[in-house]
Each structure stands twice: as structure tokens, then as C-alpha cells.
Amino acid sequence: MNNFLFSLNFRKYFESLVRSWRFHTVINATTLAVLSGSFTIVVGALVAYKNVNKLIISWDEKVQLSVYLDDQISTDEKEKIEQYLNSEKNFSQVSYLSKTEARKLFENQMNQVESDLFLEDEEFNPLPASFEASLSSQVSNKINFLKDVADHVSQMSGVDDISYGQGWVDRYSALVNGITKSGLSLIVVLMFGSILVIGNSIRSSVFQRIEEIKIMELVGATQIMVRAPFVFEGAITGAVSGALALFIGYLVTRWQSQLILDQFGLLNIGSNIEFLSFFQGMIFVLMGAIFGALGSYLCVQRINSGWANSSEN
């Protein structure tokens, strides 16, 4: 019996939704378009944050310490540096790269972009020998650890320079923080704006059906019976807007990925751009439904308290 009443109520809710779209097509279509546009911006912000964060994590996993050696370094100085690096348990691997190996590696990389650098002079080699120390995956605070090691190694004899990507680490950390704060602010503003948009749409629907509401109040209809169809309408509008935003966002993401891949194919950037997962998409649609229902409820919470009759006085 309860299942029958449940299905019957939802059938009435859908009938109310269809009737609302039939008689207020322009208002509902405009509301849907505005919400879809707002939610698409939110989707874009989420996709951008996800991919930037993924890029930073991938770079963080590849962070390593490069200790560049003087050309005049002695064997004892080189051994002391190597012993110190090997003594650090947070390094998973320490390898030595000679000047000849550094040149060959550089030539192989540059040949991929058709560069003739170094090919004319076989003896010319400005690249220094170096130690490459890879971090273990168990290191929690990699940057602070590398800073401490770099400060110590820089004071050792025979060291020309040290690099662990400290420049881009600081810049991209600031970028991620900026994107996070800006994205959250944008999402909050757009979501609350969506509540107002849905509320205005439902308010118009309420005033168009004031006679129906008045009759229901007079015959003693419960609050749920009167308000639920409008809340249901707002939830469906929010969910559909969220689904449309995901579809539009997916198409834009694929288009941008292909565009970036065409322009920067050598860097293999576009192929790594990811959209929201299926689970994340479902959560987004659910949030759209919740915001839609909330906007509707705030609009109709006065209904069934004599509002329809008093509004005509």
C-alpha cells in the first residue's frame, strides 16, 4: 500500500511538472538555460582544478635532486658527495651522470625536436657531470627534505650548483592555492545564484497556480501535499541542469584537449587531460538536485498557512 501511494504521488509530481512546462515554457526554458550555463562554469572550474592538481602531483612524484659538479672536482670530493647522498635513506636511488653521458642524453632529447645543437663540434661539451638522487615514495614532505639536503650539499667542495625544481615548485604551489581559492569562491557564488534563479522560477509557477493552491488549502491539504510538487520541480530542474552542464563540459573538455594536443603534441599535454569521473558526475547532478530543491523550498515554505487566501486580500 505504501509503495502504491509512493508511486502515485510521484506520478502526480511528474504531471505537475509537465503541466508547469506546458504553460510556462519560456520561463522554465530560460531558467534551465541559465542554470546549465552557471553549472557549466562550475564544471569547468572542477575539471581545471582536477587536472592542475593531477599535474602537480605527477611532477611532485618525479622530483629529484640534481647535484652539478665542478669540472675540476677531485676524486675524493666526488666520493664524499656520493657517500653523503647514499647515506640519506629518503633517496631510493643515487646515480652518477658523467659529462659524456650528459651530452648524449641531451643530444637524444634535442634530436626529437630536430635541433642541430652540439652536432657540429664533437669536442664541445659545456654540460657538467652530476649526481641524480631520486626520492623515495614514502617521503611525506619532499620539498622541505630537499631544501635541507641542498643546503648541506651546497657547502661541500666540488659542487657547482644544485637543482630540485625549487623555482617551479613555489610558483605552481601558489598557482594551485590560487585556483583552489578562486574556484571555491566561484562555486559558492554560482550555487547561491542558482538557488535564487530556481526560486524565481518556482515563485512564478506558484503565482500562476494560486487558484489551485487556494482550493487545496481550503479542503485541508497537508503541507507536503501542497509544497512537494514545487520542491520536486525544483529538484528535477537542478538535476537536469547539472546533467546538461556535464554534457556541455565534457564536449568542451574533449575539444580543448584535441586543440592543445594539436598545438603542443610534442609535450603530450592534451592527451592527459581528464574529465570528471562517473561517480563525481553523479555527485554533481545530485548536488544540482539538492540546490534546486532548496531553492524551491525557500520559495514555497509559506504555502499552506493561509497564504493563498491572504495573498488576494
# chains A, B, ... in the order shown; residues from 1 in each chain; ligands from 1
>>> residues_around(residues="region 285-289 of chain A", least_positions_apart="5", cutoff="10 Å", atoms="only C-alpha atoms", output="list in words")
Leu35, Ser36, Phe39, Met191, Ser194, Ile195, Val231, Phe232, Glu233, Gly234, Ala235, Ile236, Thr237, Gly238, Ala239, Val240, Ser241, Gly242, Ala243, Leu244, Ala245, Leu246, Phe279, Gln280, Leu294 and Gly295 of chain A
>>> write_last_selection(atoms="N, CA and C atoms", output="PDB file, in the first residue's frame")
ATOM      1  N   LEU A  35      20.678  28.079 -15.510  1.00  0.00           N
ATOM      2  CA  LEU A  35      21.271  27.139 -14.569  1.00  0.00           C
ATOM      3  C   LEU A  35      22.336  26.280 -15.240  1.00  0.00           C
ATOM      4  N   SER A  36      22.046  25.810 -16.448  1.00  0.00           N
ATOM      5  CA  SER A  36      23.020  24.980 -17.169  1.00  0.00           C
ATOM      6  C   SER A  36      24.296  25.754 -17.441  1.00  0.00           C
ATOM      7  N   PHE A  39      26.132  26.097 -14.058  1.00  0.00           N
ATOM      8  CA  PHE A  39      26.712  24.815 -13.659  1.00  0.00           C
ATOM      9  C   PHE A  39      27.868  24.413 -14.579  1.00  0.00           C
ATOM     10  N   MET A 191      26.458  28.762  -7.062  1.00  0.00           N
ATOM     11  CA  MET A 191      25.467  27.882  -6.462  1.00  0.00           C
ATOM     12  C   MET A 191      24.374  28.680  -5.742  1.00  0.00           C
ATOM     13  N   SER A 194      22.260  30.166  -8.249  1.00  0.00           N
ATOM     14  CA  SER A 194      21.349  29.168  -8.806  1.00  0.00           C
ATOM     15  C   SER A 194      20.120  28.994  -7.931  1.00  0.00           C
ATOM     16  N   ILE A 195      20.319  29.061  -6.622  1.00  0.00           N
ATOM     17  CA  ILE A 195      19.172  28.970  -5.706  1.00  0.00           C
ATOM     18  C   ILE A 195      18.187  30.104  -5.977  1.00  0.00           C
ATOM     19  N   VAL A 231       8.758  21.570  -4.855  1.00  0.00           N
ATOM     20  CA  VAL A 231      10.107  21.148  -4.474  1.00  0.00           C
ATOM     21  C   VAL A 231      10.625  20.105  -5.464  1.00  0.00           C
ATOM     22  N   PHE A 232       9.736  19.191  -5.870  1.00  0.00           N
ATOM     23  CA  PHE A 232      10.110  18.170  -6.845  1.00  0.00           C
ATOM     24  C   PHE A 232      10.490  18.821  -8.177  1.00  0.00           C
ATOM     25  N   GLU A 233       9.724  19.820  -8.580  1.00  0.00           N
ATOM     26  CA  GLU A 233      10.014  20.533  -9.830  1.00  0.00           C
ATOM     27  C   GLU A 233      11.380  21.209  -9.770  1.00  0.00           C
ATOM     28  N   GLY A 234      11.691  21.838  -8.632  1.00  0.00           N
ATOM     29  CA  GLY A 234      12.993  22.477  -8.480  1.00  0.00           C
ATOM     30  C   GLY A 234      14.131  21.469  -8.491  1.00  0.00           C
ATOM     31  N   ALA A 235      13.911  20.313  -7.836  1.00  0.00           N
ATOM     32  CA  ALA A 235      14.951  19.277  -7.804  1.00  0.00           C
ATOM     33  C   ALA A 235      15.216  18.735  -9.201  1.00  0.00           C
ATOM     34  N   ILE A 236      14.149  18.470  -9.967  1.00  0.00           N
ATOM     35  CA  ILE A 236      14.324  17.954 -11.329  1.00  0.00           C
ATOM     36  C   ILE A 236      15.019  18.990 -12.203  1.00  0.00           C
ATOM     37  N   THR A 237      14.626  20.261 -12.047  1.00  0.00           N
ATOM     38  CA  THR A 237      15.267  21.323 -12.829  1.00  0.00           C
ATOM     39  C   THR A 237      16.759  21.405 -12.511  1.00  0.00           C
ATOM     40  N   GLY A 238      17.106  21.317 -11.229  1.00  0.00           N
ATOM     41  CA  GLY A 238      18.510  21.359 -10.842  1.00  0.00           C
ATOM     42  C   GLY A 238      19.290  20.157 -11.355  1.00  0.00           C
ATOM     43  N   ALA A 239      18.672  18.962 -11.273  1.00  0.00           N
ATOM     44  CA  ALA A 239      19.348  17.749 -11.726  1.00  0.00           C
ATOM     45  C   ALA A 239      19.564  17.768 -13.238  1.00  0.00           C
ATOM     46  N   VAL A 240      18.530  18.172 -13.985  1.00  0.00           N
ATOM     47  CA  VAL A 240      18.652  18.231 -15.445  1.00  0.00           C
ATOM     48  C   VAL A 240      19.684  19.283 -15.849  1.00  0.00           C
ATOM     49  N   SER A 241      19.693  20.404 -15.149  1.00  0.00           N
ATOM     50  CA  SER A 241      20.689  21.444 -15.438  1.00  0.00           C
ATOM     51  C   SER A 241      22.097  20.929 -15.178  1.00  0.00           C
ATOM     52  N   GLY A 242      22.256  20.172 -14.088  1.00  0.00           N
ATOM     53  CA  GLY A 242      23.557  19.591 -13.787  1.00  0.00           C
ATOM     54  C   GLY A 242      23.997  18.595 -14.853  1.00  0.00           C
ATOM     55  N   ALA A 243      23.044  17.755 -15.315  1.00  0.00           N
ATOM     56  CA  ALA A 243      23.364  16.773 -16.355  1.00  0.00           C
ATOM     57  C   ALA A 243      23.746  17.469 -17.666  1.00  0.00           C
ATOM     58  N   LEU A 244      23.000  18.517 -18.026  1.00  0.00           N
ATOM     59  CA  LEU A 244      23.333  19.270 -19.235  1.00  0.00           C
ATOM     60  C   LEU A 244      24.698  19.937 -19.113  1.00  0.00           C
ATOM     61  N   ALA A 245      24.990  20.460 -17.921  1.00  0.00           N
ATOM     62  CA  ALA A 245      26.298  21.093 -17.700  1.00  0.00           C
ATOM     63  C   ALA A 245      27.427  20.084 -17.855  1.00  0.00           C
ATOM     64  N   LEU A 246      27.223  18.865 -17.365  1.00  0.00           N
ATOM     65  CA  LEU A 246      28.237  17.822 -17.525  1.00  0.00           C
ATOM     66  C   LEU A 246      28.440  17.480 -18.996  1.00  0.00           C
ATOM     67  N   PHE A 279      31.400   8.745 -11.009  1.00  0.00           N
ATOM     68  CA  PHE A 279      30.946   8.970  -9.635  1.00  0.00           C
ATOM     69  C   PHE A 279      30.897  10.459  -9.321  1.00  0.00           C
ATOM     70  N   GLN A 280      31.923  11.209  -9.719  1.00  0.00           N
ATOM     71  CA  GLN A 280      31.936  12.649  -9.493  1.00  0.00           C
ATOM     72  C   GLN A 280      30.799  13.338 -10.238  1.00  0.00           C
ATOM     73  N   LEU A 294      16.282  22.990  -2.625  1.00  0.00           N
ATOM     74  CA  LEU A 294      16.428  24.006  -1.590  1.00  0.00           C
ATOM     75  C   LEU A 294      15.878  25.352  -2.043  1.00  0.00           C
ATOM     76  N   GLY A 295      16.220  25.733  -3.284  1.00  0.00           N
ATOM     77  CA  GLY A 295      15.696  26.998  -3.806  1.00  0.00           C
ATOM     78  C   GLY A 295      14.182  27.003  -3.881  1.00  0.00           C
TER      79      GLY A 295
END
>>> closest_residue(among="A:Val34, A:Asn125, A:Asn144, A:Val149", to="Asn86 (chain A)", atoms="only C-alpha atoms")
A:Val149
>>> closest_residue(among="A:Ser38, A:Ser130, A:Asn51, A:Gln258", to="Lys78 (chain A)", atoms="only C-alpha atoms")
A:Ser130
>>> closest_residue(among="A:Asn53, A:Ser296, A:Ser201, A:Ser87", to="Gly178 (chain A)", atoms="only C-alpha atoms")
A:Asn53
>>> closest_residue(among="A:Gly199, A:Gly158, A:Gly193, A:Gly249", to="Leu46 (chain A)", atoms="only C-alpha atoms")
A:Gly249
>>> closest_residue(among="A:Phe275, A:Arg19, A:Arg227, A:Leu298", to="Leu251 (chain A)", atoms="only C-alpha atoms")
A:Phe275
>>> atom_distance(atom1="CA of Ile162 (chain A)", atom2="CA of Leu65 (chain A)")
7.3 Å
>>> closest_residue(among="A:Leu276, A:Leu17, A:Val153, A:Ala102", to="Tyr250 (chain A)", atoms="only C-alpha atoms")
A:Leu276
>>> atom_distance(atom1="CA of Tyr96 (chain A)", atom2="CA of Glu132 (chain A)")
6.3 Å
>>> atom_distance(atom1="CA of Gln93 (chain A)", atom2="CA of Val52 (chain A)")
27.8 Å
>>> residues_around(residues="Phe91 (chain A)", least_positions_apart="2", cutoff="10 Å", atoms="only C-alpha atoms", output="PyMOL selection string")
chain A and resi 64-65+85-89+93-94+132-139
>>> write_last_selection(atoms="C-alpha atoms", output="PDB file, in the first residue's frame")
ATOM      1  CA  GLN A  64      64.701  14.604  -7.739  1.00  0.00           C
ATOM      2  CA  LEU A  65      67.841  16.298  -6.552  1.00  0.00           C
ATOM      3  CA  LEU A  85      73.758  11.154  -0.721  1.00  0.00           C
ATOM      4  CA  ASN A  86      73.762   7.371  -0.279  1.00  0.00           C
ATOM      5  CA  SER A  87      73.602   7.805   3.491  1.00  0.00           C
ATOM      6  CA  GLU A  88      70.248   9.555   3.188  1.00  0.00           C
ATOM      7  CA  LYS A  89      67.595   6.835   3.485  1.00  0.00           C
ATOM      8  CA  GLN A  93      68.436   5.749  -5.905  1.00  0.00           C
ATOM      9  CA  VAL A  94      71.593   7.805  -6.411  1.00  0.00           C
ATOM     10  CA  GLU A 132      70.913  12.398  -9.683  1.00  0.00           C
ATOM     11  CA  ALA A 133      69.149  11.416  -6.435  1.00  0.00           C
ATOM     12  CA  SER A 134      65.563  10.107  -6.734  1.00  0.00           C
ATOM     13  CA  LEU A 135      63.264  10.421  -3.738  1.00  0.00           C
ATOM     14  CA  SER A 136      61.540   7.504  -2.108  1.00  0.00           C
ATOM     15  CA  SER A 137      57.736   7.468  -2.370  1.00  0.00           C
ATOM     16  CA  GLN A 138      57.475   7.295   1.438  1.00  0.00           C
ATOM     17  CA  VAL A 139      58.823  10.824   1.918  1.00  0.00           C
TER      18      VAL A 139
END
>>> residues_around(residues="Asn28 (chain A)", least_positions_apart="5", cutoff="10 Å", atoms="only C-alpha atoms", output="ChimeraX atom specification")
/A:20-23,33-34,198,201-202,204-205,237
>>> write_last_selection(atoms="N, CA and C atoms", output="mmCIF file, in the first residue's frame")
data_model
loop_
_atom_site.group_PDB
_atom_site.id
_atom_site.type_symbol
_atom_site.label_atom_id
_atom_site.label_comp_id
_atom_site.auth_asym_id
_atom_site.auth_seq_id
_atom_site.Cartn_x
_atom_site.Cartn_y
_atom_site.Cartn_z
ATOM 1 N N SER A 20 3.493 22.401 -15.657
ATOM 2 C CA SER A 20 4.248 23.641 -15.475
ATOM 3 C C SER A 20 5.022 23.988 -16.746
ATOM 4 N N TRP A 21 5.660 22.980 -17.370
ATOM 5 C CA TRP A 21 6.407 23.235 -18.603
ATOM 6 C C TRP A 21 5.476 23.570 -19.773
ATOM 7 N N ARG A 22 4.298 23.007 -19.756
ATOM 8 C CA ARG A 22 3.369 23.262 -20.858
ATOM 9 C C ARG A 22 2.888 24.704 -20.843
ATOM 10 N N PHE A 23 2.607 25.231 -19.659
ATOM 11 C CA PHE A 23 2.030 26.571 -19.569
ATOM 12 C C PHE A 23 3.075 27.656 -19.304
ATOM 13 N N ALA A 33 18.291 27.135 -19.015
ATOM 14 C CA ALA A 33 19.465 27.611 -19.748
ATOM 15 C C ALA A 33 20.439 28.353 -18.825
ATOM 16 N N VAL A 34 19.875 29.217 -17.961
ATOM 17 C CA VAL A 34 20.727 29.978 -17.043
ATOM 18 C C VAL A 34 21.432 29.047 -16.064
ATOM 19 N N ILE A 198 16.343 29.455 -9.406
ATOM 20 C CA ILE A 198 15.296 28.437 -9.267
ATOM 21 C C ILE A 198 14.135 28.975 -8.445
ATOM 22 N N SER A 201 11.910 31.127 -10.556
ATOM 23 C CA SER A 201 11.116 30.316 -11.469
ATOM 24 C C SER A 201 9.945 29.653 -10.754
ATOM 25 N N ILE A 202 10.195 29.093 -9.583
ATOM 26 C CA ILE A 202 9.133 28.443 -8.811
ATOM 27 C C ILE A 202 8.117 29.466 -8.322
ATOM 28 N N SER A 204 7.214 32.146 -9.834
ATOM 29 C CA SER A 204 6.321 32.435 -10.958
ATOM 30 C C SER A 204 5.298 31.316 -11.143
ATOM 31 N N SER A 205 5.760 30.078 -10.999
ATOM 32 C CA SER A 205 4.853 28.936 -11.132
ATOM 33 C C SER A 205 3.802 28.947 -10.039
ATOM 34 N N THR A 237 14.626 20.261 -12.047
ATOM 35 C CA THR A 237 15.267 21.323 -12.829
ATOM 36 C C THR A 237 16.759 21.405 -12.511
#
>>> select_by_dssp(residues="region 35-90 of chain A", states="helix (DSSP H, G or I)", output="number ranges by chain")
A: 35-61, 75-87
>>> write_last_selection(atoms="C-alpha atoms", output="CSV table (one decimal), in the first residue's frame")
chain,number,residue,atom,x,y,z
A,35,LEU,CA,21.3,27.1,-14.6
A,36,SER,CA,23.0,25.0,-17.2
A,37,GLY,CA,25.3,27.9,-18.0
A,38,SER,CA,26.1,28.5,-14.4
A,39,PHE,CA,26.7,24.8,-13.7
A,40,THR,CA,28.9,24.5,-16.8
A,41,ILE,CA,31.2,27.2,-15.4
A,42,VAL,CA,31.3,25.2,-12.1
A,43,VAL,CA,32.1,22.0,-14.0
A,44,GLY,CA,34.9,23.8,-15.9
A,45,ALA,CA,36.4,25.0,-12.6
A,46,LEU,CA,36.3,21.5,-11.2
A,47,VAL,CA,37.9,20.0,-14.3
A,48,ALA,CA,40.6,22.6,-14.2
A,49,TYR,CA,41.3,22.1,-10.6
A,50,LYS,CA,41.4,18.3,-11.0
A,51,ASN,CA,43.9,18.4,-13.9
A,52,VAL,CA,46.2,21.1,-12.4
A,53,ASN,CA,46.2,19.1,-9.1
A,54,LYS,CA,47.0,15.9,-11.1
A,55,LEU,CA,49.8,17.6,-12.9
A,56,ILE,CA,51.3,18.9,-9.7
A,57,ILE,CA,51.1,15.5,-8.1
A,58,SER,CA,52.8,13.9,-11.1
A,59,TRP,CA,55.5,16.4,-11.0
A,60,ASP,CA,55.9,16.0,-7.3
A,61,GLU,CA,56.4,12.3,-7.7
A,75,THR,CA,88.1,12.0,-6.8
A,76,ASP,CA,87.9,12.4,-3.0
A,77,GLU,CA,85.5,15.3,-3.2
A,78,LYS,CA,83.2,13.3,-5.6
A,79,GLU,CA,83.3,10.3,-3.3
A,80,LYS,CA,82.4,12.3,-0.2
A,81,ILE,CA,79.4,13.8,-2.0
A,82,GLU,CA,78.3,10.3,-3.2
A,83,GLN,CA,78.7,8.8,0.3
A,84,TYR,CA,76.6,11.6,1.8
A,85,LEU,CA,73.8,11.2,-0.7
A,86,ASN,CA,73.8,7.4,-0.3
A,87,SER,CA,73.6,7.8,3.5
